[in-house]
Amino acid sequence: MKKRINFLISIVLVMISQISYGQHVGFVNSGTIEYEKRINMYAKLAKRITTENSSWMQQVYDQYKKTQPQFNTVKTTLSFSKDASLYKPVGTNTPPTNNFFSNDPTIDLKRTVYTDFRTGISISEKRIFEEVFLVEDSVRKIKWKITSETREIAGYDCRRANALVMDSVYVVAFYTDQIPVSGGPESFTGLPGMILGLALPHDNTTWFATKVNAVAVQPSPITAAKKAKKVNNEGLLSTLKESMEDWGEYAQEVFKALML
């Protein structure tokens with residue numbers, strides 16, 4: 001009798017473990033993902049020190065290191081279904097700063113991105129200084145190279161993929177096929193699963209998922225602000241070049257950040 005009871009207990013434990021495992025690895029087709037976006041400010045700003053500006057820029061940089069945290073950290077979310085996704089910032093956990101870089105569009109750019117997987121259309125709201133742009137265009141086609149490297153992010157097994165976008169921006173992504181939706185943070189998509197980790201190594205910026213919530217959601221398209229200027233990517237770049245023609249090399253950094 002005792003052996004029979006022990007046998008039954010063993011079966012129950014195995015079933016429980018299988019259920020728990022299934023809950024962990026089961027496919028998620030709809031839900032929300034919480035990301036933490038981090039920018040290494042010390043590394044990013046150090047790159048701006050040149051021979052021409054070192055007399056004053058070095059002092060600005062040194063003062064920044066004394067008074068500001070190394071990482072600018074912003075919480076963002078991505079709601080998704082099999083048909084669409086909506087990415088947006090939800091706040092910051094670093095203290096507000098009133099410094100030389102506080103309104104820098106390459107650092108403090110908050111954008112909302114709606115992606116329609118069915119039509120292949122992406123709509124982004126980008127706030128640049130005092131202006132708001134609503135950018136509608138085709139989803140960027142990224143030529144990913146999938147590797148054998150893996151890691152766990154937010155409880156999901158992920159595989160690494162690399163790519164080059166805009167001819168010069170090196171991208172590292174970690175995606176999971178346990179979420180069979182070809183989405184990701186910002187405008188990065190195109191992998192056979194959801195991107196839970198993303199890094200721009202040469203731009204000192206990362207996005208990593210901290211939590212995945214499997215819930216039924218249907219992301220809604222962006223409602224344009226009243227004063228938003230509607231453009232496509234080509235129109236946005238043309239506007240930026242016209243308004244920043246005297247900004248020198250810094251303008252190129254702004255263009256890259258705003259066009260990603």
# chains A, B, ... in the order shown; residues from 1 in each chain; ligands from 1

call {"tool": "residues_around", "arguments": {"residues": "region 135-150 of chain A", "least_positions_apart": "2", "cutoff": "10 Å", "atoms": "only C-alpha atoms", "output": "number ranges by chain"}}
result
A: 113-117, 119-126, 132-133, 152-153, 157-166, 171-176, 187-192, 228-236, 259-260

call {"tool": "write_last_selection", "arguments": {"atoms": "N, CA and C atoms", "output": "short mmCIF file (atom, residue, chain, number, x, y, z; two decimals), in the first residue's frame"}}
result
data_model
loop_
_atom_site.label_atom_id
_atom_site.label_comp_id
_atom_site.auth_asym_id
_atom_site.auth_seq_id
_atom_site.Cartn_x
_atom_site.Cartn_y
_atom_site.Cartn_z
N VAL A 113 5.65 54.11 -31.24
CA VAL A 113 5.71 53.43 -32.54
C VAL A 113 4.60 52.39 -32.64
N TYR A 114 3.75 52.55 -33.64
CA TYR A 114 2.70 51.57 -33.92
C TYR A 114 3.10 50.80 -35.18
N THR A 115 3.08 49.48 -35.11
CA THR A 115 3.44 48.64 -36.24
C THR A 115 2.28 47.73 -36.60
N ASP A 116 1.85 47.80 -37.84
CA ASP A 116 0.78 46.93 -38.34
C ASP A 116 1.43 45.79 -39.12
N PHE A 117 1.43 44.60 -38.52
CA PHE A 117 2.09 43.45 -39.15
C PHE A 117 1.36 42.98 -40.40
N THR A 119 -0.31 44.90 -42.73
CA THR A 119 -0.09 45.79 -43.88
C THR A 119 1.38 46.14 -44.09
N GLY A 120 2.22 45.89 -43.07
CA GLY A 120 3.62 46.25 -43.18
C GLY A 120 3.86 47.74 -43.06
N ILE A 121 2.97 48.45 -42.35
CA ILE A 121 3.07 49.90 -42.17
C ILE A 121 3.45 50.23 -40.73
N SER A 122 4.35 51.18 -40.58
CA SER A 122 4.76 51.65 -39.26
C SER A 122 4.41 53.14 -39.12
N ILE A 123 3.86 53.51 -37.98
CA ILE A 123 3.53 54.91 -37.70
C ILE A 123 4.22 55.31 -36.40
N SER A 124 5.04 56.36 -36.47
CA SER A 124 5.81 56.80 -35.31
C SER A 124 5.50 58.25 -34.97
N GLU A 125 5.34 58.51 -33.69
CA GLU A 125 5.22 59.89 -33.23
C GLU A 125 6.55 60.27 -32.60
N LYS A 126 7.20 61.29 -33.16
CA LYS A 126 8.51 61.71 -32.67
C LYS A 126 8.45 63.18 -32.28
N VAL A 132 6.33 68.20 -33.26
CA VAL A 132 5.88 66.81 -33.22
C VAL A 132 5.67 66.34 -34.66
N PHE A 133 6.27 65.18 -34.97
CA PHE A 133 6.13 64.60 -36.29
C PHE A 133 5.40 63.27 -36.20
N GLU A 152 19.05 33.84 -21.56
CA GLU A 152 17.69 33.93 -21.02
C GLU A 152 17.39 35.38 -20.68
N ILE A 153 16.22 35.84 -21.11
CA ILE A 153 15.77 37.20 -20.81
C ILE A 153 14.33 37.14 -20.33
N ASP A 157 13.93 31.77 -23.23
CA ASP A 157 15.15 31.41 -23.96
C ASP A 157 15.20 32.22 -25.25
N CYS A 158 16.30 32.91 -25.45
CA CYS A 158 16.43 33.79 -26.62
C CYS A 158 17.68 33.45 -27.43
N ARG A 159 17.61 33.74 -28.71
CA ARG A 159 18.72 33.51 -29.62
C ARG A 159 19.19 34.85 -30.18
N ARG A 160 20.50 34.95 -30.38
CA ARG A 160 21.07 36.21 -30.87
C ARG A 160 21.00 36.33 -32.39
N ALA A 161 20.78 37.57 -32.84
CA ALA A 161 20.84 37.90 -34.26
C ALA A 161 21.53 39.25 -34.40
N ASN A 162 22.29 39.42 -35.48
CA ASN A 162 23.01 40.67 -35.72
C ASN A 162 22.53 41.30 -37.02
N ALA A 163 22.67 42.61 -37.11
CA ALA A 163 22.28 43.29 -38.35
C ALA A 163 22.96 44.64 -38.44
N LEU A 164 22.93 45.20 -39.64
CA LEU A 164 23.41 46.55 -39.88
C LEU A 164 22.26 47.33 -40.50
N VAL A 165 21.84 48.42 -39.85
CA VAL A 165 20.75 49.22 -40.39
C VAL A 165 21.28 50.61 -40.74
N MET A 166 20.62 51.25 -41.69
CA MET A 166 21.01 52.59 -42.13
C MET A 166 22.48 52.63 -42.55
N VAL A 171 23.55 46.44 -34.91
CA VAL A 171 22.48 46.07 -33.99
C VAL A 171 22.64 44.62 -33.54
N VAL A 172 22.48 44.40 -32.25
CA VAL A 172 22.47 43.05 -31.69
C VAL A 172 21.10 42.83 -31.05
N ALA A 173 20.42 41.76 -31.44
CA ALA A 173 19.09 41.48 -30.90
C ALA A 173 19.04 40.06 -30.35
N PHE A 174 18.21 39.88 -29.32
CA PHE A 174 17.93 38.55 -28.78
C PHE A 174 16.42 38.34 -28.85
N TYR A 175 16.01 37.32 -29.58
CA TYR A 175 14.58 37.08 -29.78
C TYR A 175 14.20 35.70 -29.27
N THR A 176 12.91 35.53 -28.97
CA THR A 176 12.41 34.24 -28.52
C THR A 176 11.28 33.76 -29.44
N SER A 187 11.49 50.48 -33.57
CA SER A 187 11.10 50.06 -34.92
C SER A 187 11.85 48.80 -35.36
N PHE A 188 12.35 48.02 -34.41
CA PHE A 188 13.13 46.83 -34.73
C PHE A 188 12.23 45.60 -34.76
N THR A 189 12.11 45.00 -35.93
CA THR A 189 11.24 43.83 -36.13
C THR A 189 11.92 42.89 -37.13
N GLY A 190 11.18 41.87 -37.57
CA GLY A 190 11.65 41.05 -38.68
C GLY A 190 12.31 39.75 -38.33
N LEU A 191 12.30 39.36 -37.06
CA LEU A 191 12.88 38.09 -36.64
C LEU A 191 11.76 37.07 -36.41
N PRO A 192 12.06 35.77 -36.41
CA PRO A 192 11.02 34.75 -36.21
C PRO A 192 10.61 34.60 -34.75
N ALA A 228 0.77 67.94 -35.03
CA ALA A 228 1.75 67.01 -35.60
C ALA A 228 1.89 67.21 -37.10
N LYS A 229 3.12 67.17 -37.57
CA LYS A 229 3.39 67.27 -39.01
C LYS A 229 3.47 65.86 -39.57
N LYS A 230 2.62 65.56 -40.55
CA LYS A 230 2.59 64.22 -41.12
C LYS A 230 3.59 64.12 -42.27
N VAL A 231 4.52 63.19 -42.13
CA VAL A 231 5.57 62.99 -43.14
C VAL A 231 5.89 61.50 -43.25
N ASN A 232 6.66 61.14 -44.28
CA ASN A 232 7.24 59.81 -44.33
C ASN A 232 8.72 59.94 -43.93
N ASN A 233 9.48 58.86 -43.97
CA ASN A 233 10.87 58.93 -43.54
C ASN A 233 11.69 59.90 -44.38
N GLU A 234 11.45 59.89 -45.68
CA GLU A 234 12.18 60.78 -46.57
C GLU A 234 11.86 62.24 -46.27
N GLY A 235 10.58 62.51 -45.99
CA GLY A 235 10.17 63.87 -45.67
C GLY A 235 10.76 64.35 -44.36
N LEU A 236 10.83 63.44 -43.36
CA LEU A 236 11.40 63.81 -42.07
C LEU A 236 12.88 64.15 -42.22
N MET A 259 16.13 58.93 -37.11
CA MET A 259 15.69 58.08 -38.20
C MET A 259 15.65 56.60 -37.83
N LEU A 260 16.17 56.21 -36.68
CA LEU A 260 16.15 54.81 -36.27
C LEU A 260 14.73 54.32 -36.05
#

call {"tool": "residues_around", "arguments": {"residues": "Thr76 (chain A)", "least_positions_apart": "4", "cutoff": "7 Å", "atoms": "only C-alpha atoms", "output": "PDB file with all heavy atoms, in the first residue's frame"}}
result
ATOM      1  N   GLU A  34       7.408  44.748 -20.657  1.00  0.00           N
ATOM      2  CA  GLU A  34       8.036  45.906 -20.026  1.00  0.00           C
ATOM      3  C   GLU A  34       9.534  45.866 -20.327  1.00  0.00           C
ATOM      4  O   GLU A  34      10.198  44.864 -20.071  1.00  0.00           O
ATOM      5  CB  GLU A  34       7.786  45.894 -18.521  1.00  0.00           C
ATOM      6  CG  GLU A  34       6.306  45.956 -18.154  1.00  0.00           C
ATOM      7  CD  GLU A  34       6.061  45.817 -16.661  1.00  0.00           C
ATOM      8  OE1 GLU A  34       7.019  46.034 -15.885  1.00  0.00           O
ATOM      9  OE2 GLU A  34       4.930  45.483 -16.275  1.00  0.00           O
ATOM     10  N   TYR A  35      10.041  46.943 -20.887  1.00  0.00           N
ATOM     11  CA  TYR A  35      11.465  47.045 -21.215  1.00  0.00           C
ATOM     12  C   TYR A  35      12.129  48.117 -20.351  1.00  0.00           C
ATOM     13  O   TYR A  35      11.486  49.068 -19.912  1.00  0.00           O
ATOM     14  CB  TYR A  35      11.675  47.448 -22.670  1.00  0.00           C
ATOM     15  CG  TYR A  35      11.291  46.425 -23.704  1.00  0.00           C
ATOM     16  CD1 TYR A  35      10.012  46.426 -24.263  1.00  0.00           C
ATOM     17  CD2 TYR A  35      12.209  45.480 -24.162  1.00  0.00           C
ATOM     18  CE1 TYR A  35       9.659  45.507 -25.241  1.00  0.00           C
ATOM     19  CE2 TYR A  35      11.860  44.555 -25.137  1.00  0.00           C
ATOM     20  CZ  TYR A  35      10.588  44.570 -25.672  1.00  0.00           C
ATOM     21  OH  TYR A  35      10.238  43.660 -26.630  1.00  0.00           O
ATOM     22  N   GLU A  36      13.420  47.960 -20.179  1.00  0.00           N
ATOM     23  CA  GLU A  36      14.234  49.002 -19.564  1.00  0.00           C
ATOM     24  C   GLU A  36      15.247  49.461 -20.613  1.00  0.00           C
ATOM     25  O   GLU A  36      16.076  48.671 -21.070  1.00  0.00           O
ATOM     26  CB  GLU A  36      14.961  48.464 -18.336  1.00  0.00           C
ATOM     27  CG  GLU A  36      15.739  49.524 -17.584  1.00  0.00           C
ATOM     28  CD  GLU A  36      16.352  48.999 -16.301  1.00  0.00           C
ATOM     29  OE1 GLU A  36      17.397  48.311 -16.396  1.00  0.00           O
ATOM     30  OE2 GLU A  36      15.794  49.246 -15.210  1.00  0.00           O
ATOM     31  N   LYS A  88       5.774  52.361 -26.475  1.00  0.00           N
ATOM     32  CA  LYS A  88       5.759  53.720 -25.959  1.00  0.00           C
ATOM     33  C   LYS A  88       6.523  53.808 -24.634  1.00  0.00           C
ATOM     34  O   LYS A  88       6.626  52.827 -23.889  1.00  0.00           O
ATOM     35  CB  LYS A  88       4.315  54.208 -25.742  1.00  0.00           C
ATOM     36  CG  LYS A  88       3.513  53.379 -24.755  1.00  0.00           C
ATOM     37  CD  LYS A  88       2.079  53.898 -24.651  1.00  0.00           C
ATOM     38  CE  LYS A  88       1.260  53.067 -23.659  1.00  0.00           C
ATOM     39  NZ  LYS A  88      -0.131  53.570 -23.553  1.00  0.00           N
ATOM     40  N   PRO A  89       7.077  54.985 -24.326  1.00  0.00           N
ATOM     41  CA  PRO A  89       7.736  55.200 -23.032  1.00  0.00           C
ATOM     42  C   PRO A  89       6.689  55.372 -21.947  1.00  0.00           C
ATOM     43  O   PRO A  89       5.593  55.876 -22.209  1.00  0.00           O
ATOM     44  CB  PRO A  89       8.533  56.490 -23.260  1.00  0.00           C
ATOM     45  CG  PRO A  89       7.758  57.212 -24.310  1.00  0.00           C
ATOM     46  CD  PRO A  89       7.169  56.158 -25.207  1.00  0.00           C
ATOM     47  N   VAL A  90       7.017  54.958 -20.745  1.00  0.00           N
ATOM     48  CA  VAL A  90       6.062  55.107 -19.643  1.00  0.00           C
ATOM     49  C   VAL A  90       6.637  55.910 -18.488  1.00  0.00           C
ATOM     50  O   VAL A  90       5.979  56.119 -17.480  1.00  0.00           O
ATOM     51  CB  VAL A  90       5.584  53.735 -19.122  1.00  0.00           C
ATOM     52  CG1 VAL A  90       4.778  53.026 -20.189  1.00  0.00           C
ATOM     53  CG2 VAL A  90       6.742  52.871 -18.665  1.00  0.00           C
TER      54      VAL A  90
END

call {"tool": "closest_residue", "arguments": {"among": "A:Ser238, A:Thr205, A:Gln70, A:Thr77", "to": "Gly184 (chain A)", "atoms": "only C-alpha atoms"}}
result
A:Thr77

call {"tool": "residues_around", "arguments": {"residues": "region 242-246 of chain A", "least_positions_apart": "5", "cutoff": "12 Å", "atoms": "only C-alpha atoms", "output": "PyMOL selection string"}}
result
chain A and resi 128-129+131+235-237+251-255

call {"tool": "atom_distance", "arguments": {"atom1": "CA of Ile195 (chain A)", "atom2": "CA of Thr223 (chain A)"}}
result
25.2 Å

call {"tool": "closest_residue", "arguments": {"among": "A:Gly155, A:His202, A:Tyr42, A:Leu134", "to": "Lys66 (chain A)", "atoms": "only C-alpha atoms"}}
result
A:Tyr42

call {"tool": "select_by_dssp", "arguments": {"residues": "region 45-242 of chain A", "states": "strand (DSSP E)", "output": "PyMOL selection string"}}
result
chain A and resi 71-80+84-92+111-116+121-128+131-138+145-153+156-165+169-176+194-200+205-213+229-231

call {"tool": "closest_residue", "arguments": {"among": "A:Val60, A:Leu240, A:Ala84, A:Leu258", "to": "Arg48 (chain A)", "atoms": "only C-alpha atoms"}}
result
A:Val60

call {"tool": "closest_residue", "arguments": {"among": "A:Leu78, A:Met41, A:Ala154, A:Ala199", "to": "Pro185 (chain A)", "atoms": "only C-alpha atoms"}}
result
A:Leu78
